[in-house]
Structures are given as structure tokens and as C-alpha cells.
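Report on the structure given below.
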Amino acid sequence: MPLWVDKYRPSSFDKFVVHKDIAENLKKLVATGDFPHTLFYGPPGAGKKTLVMALLRAIYGAGVEKVRVETKPWQIELPSRKLEVELTTLSSTHHLELNPADVGSNDRYVVQEIIKEMARSRPLGVDGSRGFKVLVLNEVDRLSKEAQQGLRRTMEKYSAACRLVMVCSNVSKVMEPVRSRCLCVRVAAPTDEQVMEVLQGVAKKENLVLPGPFAARVVDYAGRNLRRALLCLEVCRAQQYPFAEGQEPQRADWELYIAEVAKNIMDEQSPKQLYLVRGKLYELLANCVPPELIIRQLTYELLKRMDDEIKLETVSYAAQFEQRLQEGAKAIFHLEAFVARTMSNVKAYMVSCGLA
Ligand SMILES: Nc1ncnc2c1ncn2[C@@H]1O[C@H](COP(=O)(O)OP(=O)(O)OP(=O)(O)O)[C@@H](O)[C@H]1O
């Protein structure tokens, strides 16, 4: 049984509930018979992947949905040595999808090699004209600078044989020369009203009665992330149905853990407490919670617990340390520095109020 997020993903542009305007424009673009390299960017759960899938379907028809998942080694000839990297790809006869950042520092070779290989096997159109294949690259914001430079060169060289469709959440980490060679499509987070509309649509198709106050709580919990909203609704459905008006969405374990870290920071500000919090941050990282998500969620939980006077400063430091996180290598340094700075601010504020 597919999850609701997959089951109710609109497959064609006409069925879109949100981003109808983008869908309409892409539809017109495809109708011209060609389209440029495209870069979709926007926050998690905003609907980027759904747009990419609908775009592929609009170009090639339902055939693109018959995909093969393969993990195969790629042999890459370098001037000095032979390199072998293993990469998982998802492909149909018309397109290939991959996550080049998964191969770490070898990403630059992978990007060039795969595009070259694709260009070699250029498909024929139904009328005998030479068609093009689409290469979908996910998380291009995680690609190294060298890989992005390679991408830019290959994009130009093979533009007749293949089109790139790139997806990322942080567009500022994609270099300007790549961005300027693409049609950049901003996929904004849906509004709370739109998330509600999607939830109501799914509830209707599943024949569920969705009480207003409960639905509003799910929307609030989702924080304008459609995937989160749908997953939450499905979990709640499994836990208790009929839904109760006062039913609370179940929060994930990592979220509860971060809430506990925020509580630790607000309870005591000392080197000993910082040491305790460091252990918990390591635990989160070891469980593959992305550092950017940790800092964002931690800030959110801290704001709930602190006085208005220090909120602005906390947000400003969170932004500063998040940027260092993006630029630096060791996430734990920046996370811990943010915690130490917050503890220091909270302590100074309490002293100034005569509370400590
Ligand atoms: N336009 C839409 N109308 C209705 N539902 C949508 C729409 N776009 C997305 N959804 C629903 O939201 C879910 C999440 O969307 P999607 O996977 O496209 O997000 P994303 O931006 O690619 O997220 P991430 O960056 O985290 O991978 C989809 O599985 C689908 O069910």
C-alpha cells in the first residue's frame, strides 16, 4: 500500500491543488516542444519533486513512471588513474534521476561522466528526429564547487542531447553561472490554507471525517510542509479513528529530543550543562538528523521558552551559526557554539533582571 504522500501526488499539471500558476506555465512551455535546463528550488515538502514528475509526464507521457532503480558502479577514466564509484540511479527510457552529492568528493567526475554517457545514447523521436533525454539531479546545492563548474561546462556542451532538471532547497549554494544557464523556478512553501485544502482533499478521497480544530492542529504542526502534513494525517489515522476534535498530532522522536535539549539550555547555563547538551547533539547527528534542521528546530523550541527581550538576538545568532554551518566542515563545532552563545545570552539577561 503506497503512503498517502505518494498515492495522492498529483500526476499531471491539471490535477495540481497548489502551484497551479507554475503548472500552467510549464504546460505552456512543454507545448512548444522544447524546454530549457531548469532549476526548481524551494523548502522541503513544497512540491518540487511533484512538479518535476508532472513535467516529465507532460513531455514523455506515462512511460516515465515505469522506473528502474539500479545501484551500479561507474568506471571513470582519469588521466592518472581509474576511478570506480557506486551510485544509485532511477531511470526510465526517457530520463535518469540521481543524487550526485551522494558520492562525496568524487561528485565532479560523476556529473561529467554521466552527462557524457547520456549524450552518447541520444534517443530518436517518433518522427525520426533526434530527441533529448532528461537528467534529473537532486540536491545540487550539496555539490562541490568543482562539480558545479563541471556541470556548467557540460550543460553547454551537451545541451542538444540532454536537458537538465535540477532540484535544490538552498539556491544561494548553487553558483551563479549554473543558475544563469537555467530557467529558475521558485517553489514557495504552500500557505496554511493550501495545506488545509490538500488535507481536506485527501480526507475526502479516503472517506474520512476531518474535524476542523484537529485539521487546524495538523496544519500548524506541518509548518507549511505538505509532506509533513500528509504523513502526520496518516499516522493520526492509524492511531485513532474517528478523529477526536482535541486529538494532538504525534511529534517525531527527534523533535521531542530537540525540545528536551532546548529545555536543558533554558534550565541551567553552565560548562557542565553545555557538556551534557553536546552529548545530545552528537546523538542527533549520529542518528542522521541534518545539522541545519537541528539548529532550526532548536531555535524554534528555544523561542517558545524564552522572554521576548532575547528572542531577536537568538534568531540573529541562529542565522549566523547556520551560515557558518553551511560553510564549515564540522557541524558539531557550530551547533555547540550556538548553544554556548545562547546560554551566555540567557545568563546575562537573567543577571540583568536579578533572576540569577
Ligand atoms: N501541487 C500539489 N497539489 C497537491 N499535493 C501536492 C502538490 N505538490 C505536492 N503535493 C503533495 O506533497 C507531497 C510532498 O511534495 P514533494 O515531494 O513534491 O515535495 P518536495 O518539495 O520535493 O520535498 P523535498 O524537498 O523534501 O523532497 C507530495 O507527495 C504530494 O502528495
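Numbering starts fresh at 1 for the residues of each chain in the C-alpha cells, the chains themselves are lettered A, B, ... in the order given, and ligands are numbered from 1 as they appear.
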### Task
Counting only C-alpha atoms and all ligand atoms, name the residues that have an atom within 8 Å of an atom of ligand 1; the answer should be given as a ChimeraX atom specification.
/A:4-10,15-20,42-52,167-169,187,198,225-228,230
For the residues in that selection, give me N, CA and C atoms as a CSV table (one decimal), in the first residue's frame.
```
chain,number,residue,atom,x,y,z
A,4,TRP,N,0.1,7.9,1.6
A,4,TRP,CA,-0.8,8.9,1.0
A,4,TRP,C,0.0,10.0,0.3
A,5,VAL,N,1.2,10.3,0.8
A,5,VAL,CA,2.1,11.3,0.1
A,5,VAL,C,2.3,10.8,-1.4
A,6,ASP,N,2.4,9.5,-1.6
A,6,ASP,CA,2.7,9.1,-3.0
A,6,ASP,C,1.3,8.8,-3.7
A,7,LYS,N,0.4,8.2,-3.0
A,7,LYS,CA,-0.9,7.9,-3.6
A,7,LYS,C,-1.6,9.1,-4.1
A,8,TYR,N,-1.5,10.2,-3.4
A,8,TYR,CA,-2.3,11.4,-3.8
A,8,TYR,C,-1.4,12.5,-4.4
A,9,ARG,N,-0.2,12.1,-4.8
A,9,ARG,CA,0.7,13.1,-5.5
A,9,ARG,C,0.0,13.4,-6.9
A,10,PRO,N,-0.3,14.6,-7.2
A,10,PRO,CA,-1.0,14.9,-8.5
A,10,PRO,C,0.0,14.5,-9.6
A,15,LYS,N,-4.1,18.4,-12.3
A,15,LYS,CA,-4.6,18.0,-11.0
A,15,LYS,C,-4.0,18.7,-9.8
A,16,PHE,N,-3.1,19.7,-10.1
A,16,PHE,CA,-2.5,20.4,-9.0
A,16,PHE,C,-3.4,21.2,-8.2
A,17,VAL,N,-3.2,21.1,-6.9
A,17,VAL,CA,-4.0,21.9,-5.9
A,17,VAL,C,-3.3,23.1,-5.6
A,18,VAL,N,-2.0,23.0,-5.4
A,18,VAL,CA,-1.1,24.2,-5.1
A,18,VAL,C,-0.2,24.4,-6.3
A,19,HIS,N,0.4,25.6,-6.4
A,19,HIS,CA,1.3,25.9,-7.5
A,19,HIS,C,0.7,25.7,-8.9
A,20,LYS,N,-0.6,26.1,-8.9
A,20,LYS,CA,-1.3,26.0,-10.2
A,20,LYS,C,-0.7,26.9,-11.3
A,42,GLY,N,13.2,25.5,-3.5
A,42,GLY,CA,12.2,25.8,-2.5
A,42,GLY,C,12.4,24.9,-1.3
A,43,PRO,N,11.7,25.2,-0.2
A,43,PRO,CA,11.9,24.5,1.0
A,43,PRO,C,11.3,23.0,0.9
A,44,PRO,N,11.7,22.2,1.9
A,44,PRO,CA,11.3,20.8,1.9
A,44,PRO,C,9.8,20.7,1.9
A,45,GLY,N,9.2,19.7,1.2
A,45,GLY,CA,7.8,19.5,1.2
A,45,GLY,C,7.0,20.6,0.5
A,46,ALA,N,7.6,21.4,-0.3
A,46,ALA,CA,6.9,22.5,-1.0
A,46,ALA,C,6.2,22.0,-2.3
A,47,GLY,N,6.7,20.8,-2.8
A,47,GLY,CA,6.1,20.3,-4.1
A,47,GLY,C,7.0,20.3,-5.3
A,48,LYS,N,8.4,20.3,-5.0
A,48,LYS,CA,9.3,20.4,-6.1
A,48,LYS,C,9.3,19.1,-6.9
A,49,LYS,N,9.4,18.0,-6.2
A,49,LYS,CA,9.5,16.7,-6.9
A,49,LYS,C,8.2,16.4,-7.7
A,50,THR,N,7.1,16.8,-7.1
A,50,THR,CA,5.8,16.6,-7.8
A,50,THR,C,5.8,17.4,-9.1
A,51,LEU,N,6.4,18.6,-9.1
A,51,LEU,CA,6.4,19.4,-10.4
A,51,LEU,C,7.3,18.7,-11.4
A,52,VAL,N,8.5,18.2,-10.9
A,52,VAL,CA,9.4,17.5,-11.8
A,52,VAL,C,8.8,16.3,-12.5
A,167,VAL,N,17.2,20.1,-8.8
A,167,VAL,CA,16.3,20.4,-7.7
A,167,VAL,C,17.2,20.7,-6.5
A,168,CYS,N,16.8,21.8,-5.8
A,168,CYS,CA,17.6,22.1,-4.5
A,168,CYS,C,16.7,22.9,-3.6
A,169,SER,N,17.2,22.9,-2.3
A,169,SER,CA,16.4,23.8,-1.4
A,169,SER,C,17.1,25.1,-1.2
A,187,VAL,N,9.7,27.4,-6.0
A,187,VAL,CA,8.6,26.7,-5.5
A,187,VAL,C,8.4,27.1,-4.0
A,198,VAL,N,-5.3,20.7,0.7
A,198,VAL,CA,-4.8,19.4,0.3
A,198,VAL,C,-5.2,18.3,1.3
A,225,ASN,N,4.7,22.5,5.3
A,225,ASN,CA,5.4,21.4,4.6
A,225,ASN,C,4.3,20.3,4.2
A,226,LEU,N,4.0,20.2,2.9
A,226,LEU,CA,2.9,19.3,2.5
A,226,LEU,C,3.2,17.8,2.9
A,227,ARG,N,4.4,17.4,2.7
A,227,ARG,CA,4.7,16.0,3.1
A,227,ARG,C,4.5,15.7,4.5
A,228,ARG,N,5.0,16.7,5.4
A,228,ARG,CA,4.8,16.5,6.8
A,228,ARG,C,3.3,16.5,7.2
A,230,LEU,N,0.7,15.5,5.3
A,230,LEU,CA,0.1,14.2,4.9
A,230,LEU,C,0.6,13.0,5.7
```
### Task
Excluding range 102-115 of chain A and residues on its chain fewer than 4 positions from it, collect all residues at most 8 Å away from it, counting only C-alpha atoms, and give them as a PyMOL selection string.
chain A and resi 76+85-87+119+135+143-144+146-148+150-151+154+158+162
Just to be explicit: take each residue in the selection above, keep N, CA and C atoms, and write the result as a short mmCIF file (atom, residue, chain, number, x, y, z; two decimals), in the first residue's frame.
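This is the output file result20.cif:
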```
data_model
loop_
_atom_site.label_atom_id
_atom_site.label_comp_id
_atom_site.auth_asym_id
_atom_site.auth_seq_id
_atom_site.Cartn_x
_atom_site.Cartn_y
_atom_site.Cartn_z
N ILE A 76 35.27 5.39 -14.21
CA ILE A 76 35.63 6.70 -14.77
C ILE A 76 37.14 6.74 -15.01
N VAL A 85 33.06 4.46 -8.87
CA VAL A 85 32.14 4.96 -7.83
C VAL A 85 30.80 4.25 -7.98
N GLU A 86 30.19 3.99 -6.83
CA GLU A 86 28.90 3.31 -6.87
C GLU A 86 27.79 4.33 -6.65
N LEU A 87 26.79 4.28 -7.48
CA LEU A 87 25.74 5.29 -7.41
C LEU A 87 24.38 4.67 -7.69
N ALA A 119 24.63 11.56 -23.31
CA ALA A 119 24.65 12.23 -24.61
C ALA A 119 24.99 11.24 -25.72
N LEU A 135 17.97 14.60 -17.60
CA LEU A 135 18.73 14.14 -16.43
C LEU A 135 18.25 14.94 -15.22
N LEU A 143 26.38 19.95 -4.06
CA LEU A 143 27.52 19.63 -4.91
C LEU A 143 28.69 20.56 -4.61
N SER A 144 29.90 20.00 -4.74
CA SER A 144 31.08 20.83 -4.50
C SER A 144 31.20 21.88 -5.60
N GLU A 146 33.74 22.42 -7.55
CA GLU A 146 34.34 21.83 -8.76
C GLU A 146 33.26 21.12 -9.57
N ALA A 147 32.37 20.41 -8.86
CA ALA A 147 31.31 19.68 -9.56
C ALA A 147 30.37 20.66 -10.25
N GLN A 148 30.10 21.77 -9.59
CA GLN A 148 29.21 22.76 -10.20
C GLN A 148 29.86 23.40 -11.42
N GLY A 150 32.00 21.88 -13.35
CA GLY A 150 31.92 20.83 -14.36
C GLY A 150 30.54 20.79 -14.97
N LEU A 151 29.57 20.95 -14.11
CA LEU A 151 28.17 20.92 -14.52
C LEU A 151 27.90 22.02 -15.54
N THR A 154 29.52 21.11 -18.92
CA THR A 154 28.83 20.02 -19.60
C THR A 154 27.43 20.45 -20.06
N TYR A 158 26.58 19.66 -24.04
CA TYR A 158 25.62 18.63 -24.42
C TYR A 158 24.17 19.11 -24.42
N CYS A 162 20.80 16.50 -24.13
CA CYS A 162 20.09 16.27 -22.87
C CYS A 162 19.75 17.55 -22.14
#
```
### Task
Can you work out the spacing between CA of Asn345 in chain A and CA of Leu274 in chain A in Å, to one decimal?
13.6 Å
### Between CA of Leu137 in chain A and CA of Leu164 in chain A - distance in Å to one decimal
7.3 Å
### Interatomic distance (Å, one decimal) between CA of Arg181 in chain A and CA of His37 in chain A
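These atoms are spaced 7.1 Å apart.
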### Message
Here is a test: counting only C-alpha atoms, which residue of A:Leu96, A:Leu90, A:Phe40, A:Tyr221 is nearest to Val174 in chain A?
### Response
A:Phe40
List as a JSON list (two decimals) with C-alpha atoms, in the first residue's frame the protein and nucleic acid residues near Gln326 in chain A, meaning an atom at most 9 Å away when only C-alpha atoms are counted, but skip any in the same chain fewer than 5 places from it.
```json
[["chain", "number", "residue", "atom", "x", "y", "z"],
["A", 173, "LYS", "CA", 24.55, 27.49, -2.76],
["A", 292, "GLU", "CA", 20.57, 22.60, 9.55],
["A", 321, "PHE", "CA", 25.73, 29.98, 13.09],
["A", 331, "ALA", "CA", 28.76, 20.63, 12.16]]
```
### Message
Can you tell me which residues surround Ser159 in chain A at a distance of at most 12 Å, considering only C-alpha atoms, apart from same-chain residues fewer than 6 positions away, and format the answer as a PyMOL selection string?
### Response
chain A and resi 34-38+115-116+118-119+122+131-135+151-153+165+181-182
### Message
DSSP on the backbone, strand (DSSP E or B) only: what residues of range 142-301 of chain A does that give? Format it as a PyMOL selection string.
### Response
chain A and resi 162-168+183-186
Could you write those residues out with C-alpha atoms, as a short mmCIF file (atom, residue, chain, number, x, y, z; two decimals), in the first residue's frame?
```
data_model
loop_
_atom_site.label_atom_id
_atom_site.label_comp_id
_atom_site.auth_asym_id
_atom_site.auth_seq_id
_atom_site.Cartn_x
_atom_site.Cartn_y
_atom_site.Cartn_z
CA CYS A 162 20.09 16.27 -22.87
CA ARG A 163 18.18 18.63 -20.67
CA LEU A 164 18.99 19.05 -17.02
CA VAL A 165 16.28 19.35 -14.43
CA MET A 166 17.87 20.28 -11.13
CA VAL A 167 16.32 20.41 -7.68
CA CYS A 168 17.60 22.05 -4.53
CA LEU A 183 15.13 28.61 -16.04
CA CYS A 184 14.92 29.05 -12.25
CA VAL A 185 11.54 28.15 -10.77
CA ARG A 186 10.86 29.16 -7.20
#
```
